[in-house]
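Shown next: target_32.csv, containing CSV, C-alpha atoms.
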chain,number,residue,atom,x,y,z
A,1,MET,CA,87.0,91.3,75.0
A,2,ILE,CA,89.3,92.1,77.9
A,3,PRO,CA,92.8,93.3,76.8
A,4,VAL,CA,95.8,91.1,77.5
A,5,LEU,CA,99.3,92.0,78.7
A,6,ARG,CA,101.6,89.1,78.0
A,7,ALA,CA,104.7,88.7,80.1
A,8,GLU,CA,108.0,88.9,78.3
A,9,ALA,CA,110.1,85.8,78.0
A,10,HIS,CA,112.8,87.0,80.4
A,11,TRP,CA,110.4,88.0,83.2
A,12,GLN,CA,110.8,85.7,86.2
A,13,GLN,CA,109.0,87.9,88.8
A,14,ILE,CA,106.3,90.5,88.5
A,15,ASP,CA,105.4,93.0,91.3
A,16,LEU,CA,101.9,94.5,91.6
A,17,LEU,CA,101.1,97.4,93.9
A,18,SER,CA,98.5,100.2,94.2
A,19,ASP,CA,97.2,103.0,96.3
A,20,LEU,CA,100.4,104.9,97.0
A,21,HIS,CA,98.6,108.3,97.1
A,22,LEU,CA,101.8,110.2,96.4
A,23,GLY,CA,101.9,114.0,96.9
A,24,PRO,CA,103.8,116.7,98.5
A,25,GLU,CA,102.7,115.5,101.9
A,26,THR,CA,104.1,111.9,101.4
A,27,PRO,CA,107.9,112.2,101.0
A,28,ARG,CA,108.6,109.0,103.0
A,29,THR,CA,106.2,107.0,100.9
A,30,LEU,CA,107.8,108.4,97.8
A,31,ALA,CA,111.2,107.5,99.1
A,32,ARG,CA,110.0,103.9,99.9
A,33,LEU,CA,108.7,103.5,96.4
A,34,ALA,CA,112.0,104.7,94.9
A,35,ARG,CA,113.8,102.3,97.1
A,36,HIS,CA,111.6,99.4,96.1
A,37,LEU,CA,111.9,100.1,92.4
A,38,ALA,CA,115.7,100.3,92.8
A,39,GLU,CA,116.0,97.1,94.8
A,40,THR,CA,113.2,94.7,93.5
A,41,PRO,CA,114.4,91.5,92.0
A,42,ALA,CA,111.3,91.6,89.7
A,43,GLN,CA,111.7,92.3,86.0
A,44,ALA,CA,108.3,94.1,85.8
A,45,VAL,CA,106.2,96.3,88.1
A,46,ILE,CA,102.5,97.0,87.5
A,47,LEU,CA,101.0,100.0,89.3
A,48,LEU,CA,97.2,99.4,89.8
A,49,GLY,CA,96.0,102.9,90.3
A,50,ASP,CA,95.9,105.7,92.8
A,51,VAL,CA,99.6,106.2,92.4
A,52,PHE,CA,98.9,109.9,93.1
A,53,GLU,CA,96.6,111.4,95.8
A,54,VAL,CA,95.2,113.6,93.0
A,55,TRP,CA,96.1,114.2,89.4
A,56,VAL,CA,94.6,117.3,87.6
A,57,GLY,CA,96.3,117.0,84.3
A,58,ASP,CA,99.7,116.2,82.8
A,59,ASP,CA,100.8,119.9,83.0
A,60,ALA,CA,101.0,119.2,86.8
A,61,ARG,CA,104.0,117.0,86.2
A,62,PHE,CA,106.5,119.9,86.3
A,63,ALA,CA,105.7,120.8,90.0
A,64,PRO,CA,108.5,119.7,92.4
A,65,CYS,CA,106.8,116.6,93.8
A,66,GLU,CA,105.4,115.4,90.5
A,67,HIS,CA,108.7,116.0,88.8
A,68,SER,CA,110.4,113.8,91.4
A,69,VAL,CA,108.0,111.0,90.6
A,70,VAL,CA,108.7,111.4,86.8
A,71,GLN,CA,112.4,111.1,87.4
A,72,MET,CA,112.0,108.1,89.6
A,73,LEU,CA,109.7,106.3,87.2
A,74,ARG,CA,111.9,107.2,84.2
A,75,ALA,CA,114.9,105.7,86.0
A,76,ALA,CA,112.9,102.5,86.9
A,77,SER,CA,111.5,102.1,83.4
A,78,SER,CA,115.1,102.0,82.0
A,79,ARG,CA,115.6,98.7,83.9
A,80,LEU,CA,112.1,97.3,84.4
A,81,GLY,CA,108.9,96.7,82.5
A,82,LEU,CA,106.8,99.4,84.2
A,83,TYR,CA,103.0,99.7,83.6
A,84,PHE,CA,100.3,101.9,84.9
A,85,MET,CA,96.5,101.4,85.3
A,86,ALA,CA,94.4,104.4,86.3
A,87,GLY,CA,92.6,104.5,89.7
A,88,ASN,CA,89.8,106.7,90.9
A,89,ARG,CA,92.3,109.5,91.9
A,90,ASP,CA,94.7,109.5,88.9
A,91,PHE,CA,92.4,108.7,86.0
A,92,LEU,CA,93.6,111.9,84.2
A,93,VAL,CA,97.2,110.7,83.9
A,94,GLY,CA,97.7,111.0,80.1
A,95,ALA,CA,100.1,110.3,77.3
A,96,ASP,CA,102.5,113.1,78.1
A,97,MET,CA,103.0,112.0,81.7
A,98,LEU,CA,103.6,108.4,80.8
A,99,SER,CA,105.9,109.2,77.9
A,100,ASP,CA,108.0,111.4,80.2
A,101,CYS,CA,108.2,108.4,82.5
A,102,GLY,CA,109.3,106.1,79.7
A,103,MET,CA,106.1,104.0,80.2
A,104,PRO,CA,103.7,102.6,77.6
A,105,PRO,CA,100.1,103.7,77.3
A,106,PRO,CA,97.9,102.9,80.4
A,107,LEU,CA,96.5,99.5,80.9
A,108,ALA,CA,92.7,99.1,80.4
A,109,ASP,CA,90.7,98.3,83.5
A,110,PRO,CA,90.4,95.4,83.7
A,111,THR,CA,93.4,93.7,81.9
A,112,VAL,CA,94.4,90.1,81.8
A,113,LEU,CA,98.0,89.4,82.6
A,114,GLU,CA,99.3,86.2,80.9
A,115,ALA,CA,102.3,85.0,82.9
A,116,PHE,CA,103.8,81.7,83.8
A,117,ASP,CA,101.2,79.7,82.0
A,118,ARG,CA,98.3,81.3,83.9
A,119,ARG,CA,95.9,84.2,83.4
A,120,TRP,CA,95.5,86.8,86.1
A,121,LEU,CA,92.8,89.5,86.0
A,122,LEU,CA,94.1,92.9,87.1
A,123,SER,CA,91.9,95.9,88.1
A,124,HIS,CA,92.0,99.0,90.3
A,125,GLY,CA,88.8,97.8,91.9
A,126,ASP,CA,86.5,100.9,92.1
A,127,ALA,CA,84.4,99.9,89.1
A,128,GLN,CA,83.3,96.7,90.9
A,129,CYS,CA,81.9,98.6,93.9
A,130,LEU,CA,78.4,98.4,92.6
A,131,GLY,CA,76.8,98.8,96.1
A,132,ASP,CA,77.9,102.5,96.1
A,133,ALA,CA,75.5,103.8,93.6
A,134,ALA,CA,76.4,107.5,94.2
A,135,TYR,CA,80.1,106.8,93.5
A,136,GLN,CA,79.3,104.8,90.3
A,137,GLN,CA,77.3,107.8,89.1
A,138,LEU,CA,80.1,110.1,89.8
A,139,ARG,CA,82.6,107.8,88.2
A,140,LYS,CA,80.6,107.7,85.0
A,141,GLN,CA,80.7,111.5,84.9
A,142,LEU,CA,84.4,111.8,85.6
A,143,ARG,CA,85.3,109.2,83.0
A,144,ASP,CA,83.2,111.0,80.3
A,145,PRO,CA,85.6,112.4,77.6
A,146,VAL,CA,83.5,115.6,77.3
A,147,TRP,CA,83.8,116.3,81.0
A,148,GLN,CA,87.5,115.6,81.0
A,149,GLN,CA,88.1,117.8,78.0
A,150,ASP,CA,86.2,120.7,79.7
A,151,PHE,CA,88.0,120.2,83.0
A,152,LEU,CA,91.5,120.0,81.4
A,153,ALA,CA,90.8,123.2,79.5
A,154,LYS,CA,90.6,125.2,82.7
A,155,PRO,CA,93.8,126.8,84.2
A,156,LEU,CA,96.0,124.6,86.3
A,157,ALA,CA,95.4,126.7,89.4
A,158,GLU,CA,91.7,126.4,89.0
A,159,ARG,CA,91.9,122.7,88.6
A,160,ARG,CA,94.1,122.3,91.7
A,161,ALA,CA,91.7,124.4,93.7
A,162,PHE,CA,88.7,122.3,92.5
A,163,ALA,CA,90.5,119.1,93.4
A,164,SER,CA,91.5,120.4,96.8
A,165,GLN,CA,88.0,121.4,97.7
A,166,ALA,CA,86.5,118.1,96.4
A,167,ARG,CA,89.1,116.1,98.3
A,168,ASP,CA,88.4,117.9,101.6
A,169,ALA,CA,84.6,117.6,101.1
A,170,SER,CA,84.8,113.9,100.4
A,171,ARG,CA,87.3,112.7,103.0
A,172,SER,CA,84.7,111.8,105.6
A,173,ALA,CA,82.4,110.2,103.0
A,174,GLN,CA,85.3,108.2,101.6
A,175,ALA,CA,86.3,107.0,105.0
A,176,ALA,CA,82.8,105.7,105.6
A,177,MET,CA,82.8,104.1,102.1
A,178,LEU,CA,86.1,102.4,102.5
A,179,ALA,CA,85.0,101.1,105.9
A,180,HIS,CA,81.8,99.5,104.5
A,181,ALA,CA,81.7,99.3,100.7
A,182,ASP,CA,83.4,96.4,98.9
A,183,LEU,CA,83.5,94.8,95.5
A,184,ASP,CA,80.4,93.0,94.3
A,185,ALA,CA,81.1,89.3,94.4
A,186,ASP,CA,78.9,88.5,91.4
A,187,ILE,CA,80.6,91.0,89.0
A,188,CYS,CA,84.0,89.8,90.2
A,189,ARG,CA,83.0,86.2,89.4
A,190,ALA,CA,81.6,87.2,86.0
A,191,GLN,CA,84.7,89.1,85.0
A,192,LEU,CA,86.9,86.2,86.1
A,193,GLN,CA,84.9,83.8,84.0
A,194,ASP,CA,84.9,86.2,81.0
A,195,ALA,CA,88.7,86.5,81.4
A,196,GLY,CA,89.3,82.8,81.7
A,197,ALA,CA,91.2,83.5,84.9
A,198,HIS,CA,90.9,82.2,88.5
A,199,ASP,CA,92.5,85.2,90.4
A,200,LEU,CA,91.5,88.8,90.5
A,201,ILE,CA,94.1,91.3,91.8
A,202,HIS,CA,93.1,94.8,92.8
A,203,GLY,CA,93.5,97.7,95.3
A,204,HIS,CA,91.2,100.6,96.0
A,205,THR,CA,89.5,99.3,99.3
A,206,HIS,CA,92.7,99.5,101.4
A,207,ARG,CA,91.8,96.2,103.0
A,208,PRO,CA,94.4,93.6,102.1
A,209,ALA,CA,92.9,90.2,102.1
A,210,LEU,CA,92.3,87.0,100.1
A,211,HIS,CA,88.6,86.3,99.4
A,212,ASP,CA,87.3,82.9,98.2
A,213,LEU,CA,84.7,83.5,95.5
A,214,GLY,CA,83.8,79.9,95.1
A,215,ASP,CA,84.4,77.5,92.2
A,216,GLY,CA,88.1,78.0,92.5
A,217,LEU,CA,87.9,81.7,92.0
A,218,ARG,CA,89.8,84.1,94.3
A,219,ARG,CA,90.1,87.9,94.9
A,220,HIS,CA,93.4,89.3,96.2
A,221,VAL,CA,93.3,92.8,97.7
A,222,LEU,CA,96.4,95.0,97.8
A,223,SER,CA,97.2,97.3,100.7
A,224,ASP,CA,97.5,101.0,100.4
A,225,TRP,CA,100.9,102.5,101.2
A,226,ASP,CA,101.6,105.0,104.0
A,227,PHE,CA,105.2,105.4,105.3
A,228,ASP,CA,104.6,109.0,106.5
A,229,THR,CA,102.0,108.7,109.2
A,230,ALA,CA,102.4,104.9,109.6
A,231,SER,CA,104.6,102.0,108.3
A,232,ARG,CA,102.2,100.3,105.9
A,233,GLY,CA,102.5,98.8,102.5
A,234,ASP,CA,102.5,95.6,100.7
A,235,LEU,CA,102.7,94.1,97.2
A,236,LEU,CA,101.8,90.9,95.4
A,237,ARG,CA,104.6,89.1,93.5
A,238,ILE,CA,103.9,86.7,90.7
A,239,SER,CA,106.4,84.0,89.6
A,240,ALA,CA,106.4,80.5,88.3
A,241,ALA,CA,105.9,79.4,91.9
A,242,GLY,CA,102.6,81.3,92.2
A,243,LEU,CA,101.5,84.4,94.1
A,244,GLU,CA,103.2,85.7,97.2
A,245,ARG,CA,102.2,88.7,99.4
A,246,ILE,CA,105.2,90.7,100.6
A,247,ALA,CA,104.9,93.2,103.4
A,248,LEU,CA,107.3,96.1,103.2

Represent the structure contained in this file as structure tokens.
Amino acid sequence: MIPVLRAEAHWQQIDLLSDLHLGPETPRTLARLARHLAETPAQAVILLGDVFEVWVGDDARFAPCEHSVVQMLRAASSRLGLYFMAGNRDFLVGADMLSDCGMPPPLADPTVLEAFDRRWLLSHGDAQCLGDAAYQQLRKQLRDPVWQQDFLAKPLAERRAFASQARDASRSAQAAMLAHADLDADICRAQLQDAGAHDLIHGHTHRPALHDLGDGLRRHVLSDWDFDTASRGDLLRISAAGLERIAL
């Protein structure tokens, strides 16, 4: 059964965003997120994965950039309902990090959001890219608790070096994947039907769009954020009026 997040009674607007890819090289993107969290009229914000460019374990949260993110999210969580779902780059975000940010445990992927008398299916989006068999095999390995325990037992410097090498080696392959791979329509329809929802909201592909899946089912894709080398980023806002895409 797909877990459910129920909107609190006082929520009138809910923001959903993903693929921020925060790190030391993205100070403007970090600043734009801080500004949005401080100014949004929404009562809740849901981060649908890849908040960080890479996350090698919660002991990384004391580094300058990561510590800035902790402070920002902690300040926001004192005013907002703030939720996190793991992506393919930050699946090792754990209880210590979220606790320091004042946030609840991570949302399962997928999760149903019940809000304004409707059900919305939320996901990061990578698990539905079934056409990329090599990635799905890698994803299975990386999400294995035994692999994660072994990786997290390594020194932080070793984990950072591993992540840096893996990122550099995969950048060209990822660019090709993002240009061609997409979510499998059949699995999206099946998940929506299982969830009793009509709308799937996700990120991951960096290709913002609205896709008609037939039979009244829809797939809404979030943009990635880049305010350092470009001026790009959007969010989806849910309210009693429905779903609105907002470009920042």

**Message:** With all atoms listed in the file as the counted atoms, please give the residues lying no more than 7 Å from His124 (chain A), apart from itself and same-chain residues fewer than 4 positions off, as JSON, numbers by chain.
**Reply:** {"A": [48, 49, 87, 109, 202, 203, 204]}

**Asked** Val51 (chain A): which residues within 8 Å, counting all atoms listed in the file, same-chain residues fewer than 4 positions away excluded, as a list in words?
**Response**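 Selected residues are Ser18, Asp19, Leu20, His21, Leu22, Leu47, Gly87 and Asp90 of chain A.
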
The selected residues should be written to file as a PDB file, in the coordinates of the input (atoms: C-alpha atoms).
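Saved the output as result_12.pdb:
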ATOM      1  CA  SER A  18      98.500 100.200  94.200  1.00  0.00           C
ATOM      2  CA  ASP A  19      97.200 103.000  96.300  1.00  0.00           C
ATOM      3  CA  LEU A  20     100.400 104.900  97.000  1.00  0.00           C
ATOM      4  CA  HIS A  21      98.600 108.300  97.100  1.00  0.00           C
ATOM      5  CA  LEU A  22     101.800 110.200  96.400  1.00  0.00           C
ATOM      6  CA  LEU A  47     101.000 100.000  89.300  1.00  0.00           C
ATOM      7  CA  GLY A  87      92.600 104.500  89.700  1.00  0.00           C
ATOM      8  CA  ASP A  90      94.700 109.500  88.900  1.00  0.00           C
TER       9      ASP A  90
END

**Complete:** In terms of all atoms listed in the file, the residue from A:Leu107, A:Val56, A:Leu222, A:Ala197 at minimal distance from Leu156 (chain A) is A:Val56

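Of the residues listed (A:Leu235, A:Ala134, A:Leu5, A:Ala44), A:Leu5 shows the shortest atom-to-atom separation from Trp120 (chain A); distances use all atoms listed in the file.
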
Which neighbours of region 66-82 of chain A fall inside 7 Å, counting only C-alpha atoms, when residues of the same chain fewer than 6 positions from it are skipped, and could you give them as a compact mmCIF listing (two decimals) with C-alpha atoms, in the coordinates of the input?
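What landed in result.txt:
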# COMPACT_ATOMS: atom_id res chain seq x y z
CA ALA A 34 112.00 104.70 94.90
CA LEU A 37 111.90 100.10 92.40
CA ALA A 38 115.70 100.30 92.80
CA GLN A 43 111.70 92.30 86.00
CA ALA A 44 108.30 94.10 85.80
CA VAL A 45 106.20 96.30 88.10
CA ILE A 46 102.50 97.00 87.50
CA ALA A 60 101.00 119.20 86.80
CA ASP A 100 108.00 111.40 80.20
CA CYS A 101 108.20 108.40 82.50
CA GLY A 102 109.30 106.10 79.70
CA MET A 103 106.10 104.00 80.20

**Item:** All residues 6 Å or closer to Arg237 (chain A), all atoms listed in the file, same chain fewer than 3 positions away omitted, as a PyMOL selection string
**Value:** chain A and resi 14-15+243-244

**Request:** Go through A:Tyr135, A:Phe116, A:Trp147, A:Phe91 and flag the residue nearest Trp11 (chain A), using all atoms listed in the file for the distances.
**Result:** A:Phe116

**Request:** Calculate how many Å separate CA of Trp55 (chain A) from CA of Val112 (chain A), rounding to one decimal.
**Result:**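 If I compute the distance from CA of Trp55 (chain A) to CA of Val112 (chain A), I get 25.3 Å.
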
**Asked** What lies within 9 Å of Arg189 (chain A) using all atoms listed in the file, ignoring chain neighbours under 6 positions off, as a ChimeraX atom specification?
**Response** /A:198,200,213-214,217-218

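Counting only C-alpha atoms, the residue from A:Arg89, A:His211, A:Arg28, A:Arg232 that sits nearest to Asp184 (chain A) is A:His211.
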
Complete region 3-28 of chain A at the level of N, CA and C atoms, written as a PDB file, in the frame of the given file.
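Result file out-v2.pdb:
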ATOM      1  N   PRO A   3      91.390  93.221  77.323  1.00  0.00           N
ATOM      2  CA  PRO A   3      92.800  93.300  76.800  1.00  0.00           C
ATOM      3  C   PRO A   3      93.710  92.390  77.564  1.00  0.00           C
ATOM      4  N   VAL A   4      94.799  91.997  76.909  1.00  0.00           N
ATOM      5  CA  VAL A   4      95.800  91.100  77.500  1.00  0.00           C
ATOM      6  C   VAL A   4      97.152  91.697  77.484  1.00  0.00           C
ATOM      7  N   LEU A   5      97.845  91.626  78.617  1.00  0.00           N
ATOM      8  CA  LEU A   5      99.300  92.000  78.700  1.00  0.00           C
ATOM      9  C   LEU A   5     100.013  90.651  78.877  1.00  0.00           C
ATOM     10  N   ARG A   6     100.875  90.346  77.933  1.00  0.00           N
ATOM     11  CA  ARG A   6     101.600  89.100  78.000  1.00  0.00           C
ATOM     12  C   ARG A   6     103.025  89.330  78.531  1.00  0.00           C
ATOM     13  N   ALA A   7     103.381  88.536  79.523  1.00  0.00           N
ATOM     14  CA  ALA A   7     104.700  88.700  80.100  1.00  0.00           C
ATOM     15  C   ALA A   7     105.785  88.371  79.103  1.00  0.00           C
ATOM     16  N   GLU A   8     106.841  89.128  79.169  1.00  0.00           N
ATOM     17  CA  GLU A   8     108.000  88.900  78.300  1.00  0.00           C
ATOM     18  C   GLU A   8     108.735  87.649  78.724  1.00  0.00           C
ATOM     19  N   ALA A   9     109.447  87.052  77.778  1.00  0.00           N
ATOM     20  CA  ALA A   9     110.100  85.800  78.000  1.00  0.00           C
ATOM     21  C   ALA A   9     111.068  85.798  79.192  1.00  0.00           C
ATOM     22  N   HIS A  10     111.735  86.943  79.395  1.00  0.00           N
ATOM     23  CA  HIS A  10     112.800  87.000  80.400  1.00  0.00           C
ATOM     24  C   HIS A  10     112.214  87.353  81.806  1.00  0.00           C
ATOM     25  N   TRP A  11     110.925  87.651  81.908  1.00  0.00           N
ATOM     26  CA  TRP A  11     110.400  88.000  83.200  1.00  0.00           C
ATOM     27  C   TRP A  11     110.292  86.728  84.078  1.00  0.00           C
ATOM     28  N   GLN A  12     110.859  86.813  85.251  1.00  0.00           N
ATOM     29  CA  GLN A  12     110.800  85.700  86.200  1.00  0.00           C
ATOM     30  C   GLN A  12     109.947  86.089  87.440  1.00  0.00           C
ATOM     31  N   GLN A  13     109.818  87.395  87.703  1.00  0.00           N
ATOM     32  CA  GLN A  13     109.000  87.900  88.800  1.00  0.00           C
ATOM     33  C   GLN A  13     108.315  89.185  88.389  1.00  0.00           C
ATOM     34  N   ILE A  14     107.073  89.349  88.833  1.00  0.00           N
ATOM     35  CA  ILE A  14     106.300  90.500  88.500  1.00  0.00           C
ATOM     36  C   ILE A  14     105.704  91.074  89.800  1.00  0.00           C
ATOM     37  N   ASP A  15     105.931  92.348  90.085  1.00  0.00           N
ATOM     38  CA  ASP A  15     105.400  93.000  91.300  1.00  0.00           C
ATOM     39  C   ASP A  15     104.118  93.768  90.908  1.00  0.00           C
ATOM     40  N   LEU A  16     103.111  93.684  91.773  1.00  0.00           N
ATOM     41  CA  LEU A  16     101.900  94.500  91.600  1.00  0.00           C
ATOM     42  C   LEU A  16     101.633  95.244  92.899  1.00  0.00           C
ATOM     43  N   LEU A  17     101.369  96.544  92.756  1.00  0.00           N
ATOM     44  CA  LEU A  17     101.100  97.400  93.900  1.00  0.00           C
ATOM     45  C   LEU A  17     100.152  98.504  93.522  1.00  0.00           C
ATOM     46  N   SER A  18      99.533  99.123  94.530  1.00  0.00           N
ATOM     47  CA  SER A  18      98.500 100.200  94.200  1.00  0.00           C
ATOM     48  C   SER A  18      98.386 101.084  95.430  1.00  0.00           C
ATOM     49  N   ASP A  19      97.606 102.148  95.227  1.00  0.00           N
ATOM     50  CA  ASP A  19      97.200 103.000  96.300  1.00  0.00           C
ATOM     51  C   ASP A  19      98.332 103.641  97.096  1.00  0.00           C
ATOM     52  N   LEU A  20      99.276 104.231  96.349  1.00  0.00           N
ATOM     53  CA  LEU A  20     100.400 104.900  97.000  1.00  0.00           C
ATOM     54  C   LEU A  20     100.017 106.313  97.444  1.00  0.00           C
ATOM     55  N   HIS A  21      99.082 106.950  96.742  1.00  0.00           N
ATOM     56  CA  HIS A  21      98.600 108.300  97.100  1.00  0.00           C
ATOM     57  C   HIS A  21      99.706 109.281  97.285  1.00  0.00           C
ATOM     58  N   LEU A  22     100.595 109.333  96.302  1.00  0.00           N
ATOM     59  CA  LEU A  22     101.800 110.200  96.400  1.00  0.00           C
ATOM     60  C   LEU A  22     101.343 111.676  96.226  1.00  0.00           C
ATOM     61  N   GLY A  23     102.064 112.537  96.937  1.00  0.00           N
ATOM     62  CA  GLY A  23     101.900 114.000  96.900  1.00  0.00           C
ATOM     63  C   GLY A  23     102.888 114.680  97.701  1.00  0.00           C
ATOM     64  N   PRO A  24     102.832 115.997  97.755  1.00  0.00           N
ATOM     65  CA  PRO A  24     103.800 116.700  98.500  1.00  0.00           C
ATOM     66  C   PRO A  24     103.867 116.358 100.012  1.00  0.00           C
ATOM     67  N   GLU A  25     102.767 115.810 100.533  1.00  0.00           N
ATOM     68  CA  GLU A  25     102.700 115.500 101.900  1.00  0.00           C
ATOM     69  C   GLU A  25     103.194 114.040 102.231  1.00  0.00           C
ATOM     70  N   THR A  26     103.703 113.329 101.218  1.00  0.00           N
ATOM     71  CA  THR A  26     104.100 111.900 101.400  1.00  0.00           C
ATOM     72  C   THR A  26     105.549 111.672 100.999  1.00  0.00           C
ATOM     73  N   PRO A  27     106.510 112.438 101.495  1.00  0.00           N
ATOM     74  CA  PRO A  27     107.900 112.200 101.000  1.00  0.00           C
ATOM     75  C   PRO A  27     108.460 110.866 101.421  1.00  0.00           C
ATOM     76  N   ARG A  28     108.083 110.328 102.576  1.00  0.00           N
ATOM     77  CA  ARG A  28     108.600 109.000 103.000  1.00  0.00           C
ATOM     78  C   ARG A  28     108.030 107.892 102.146  1.00  0.00           C
TER      79      ARG A  28
END
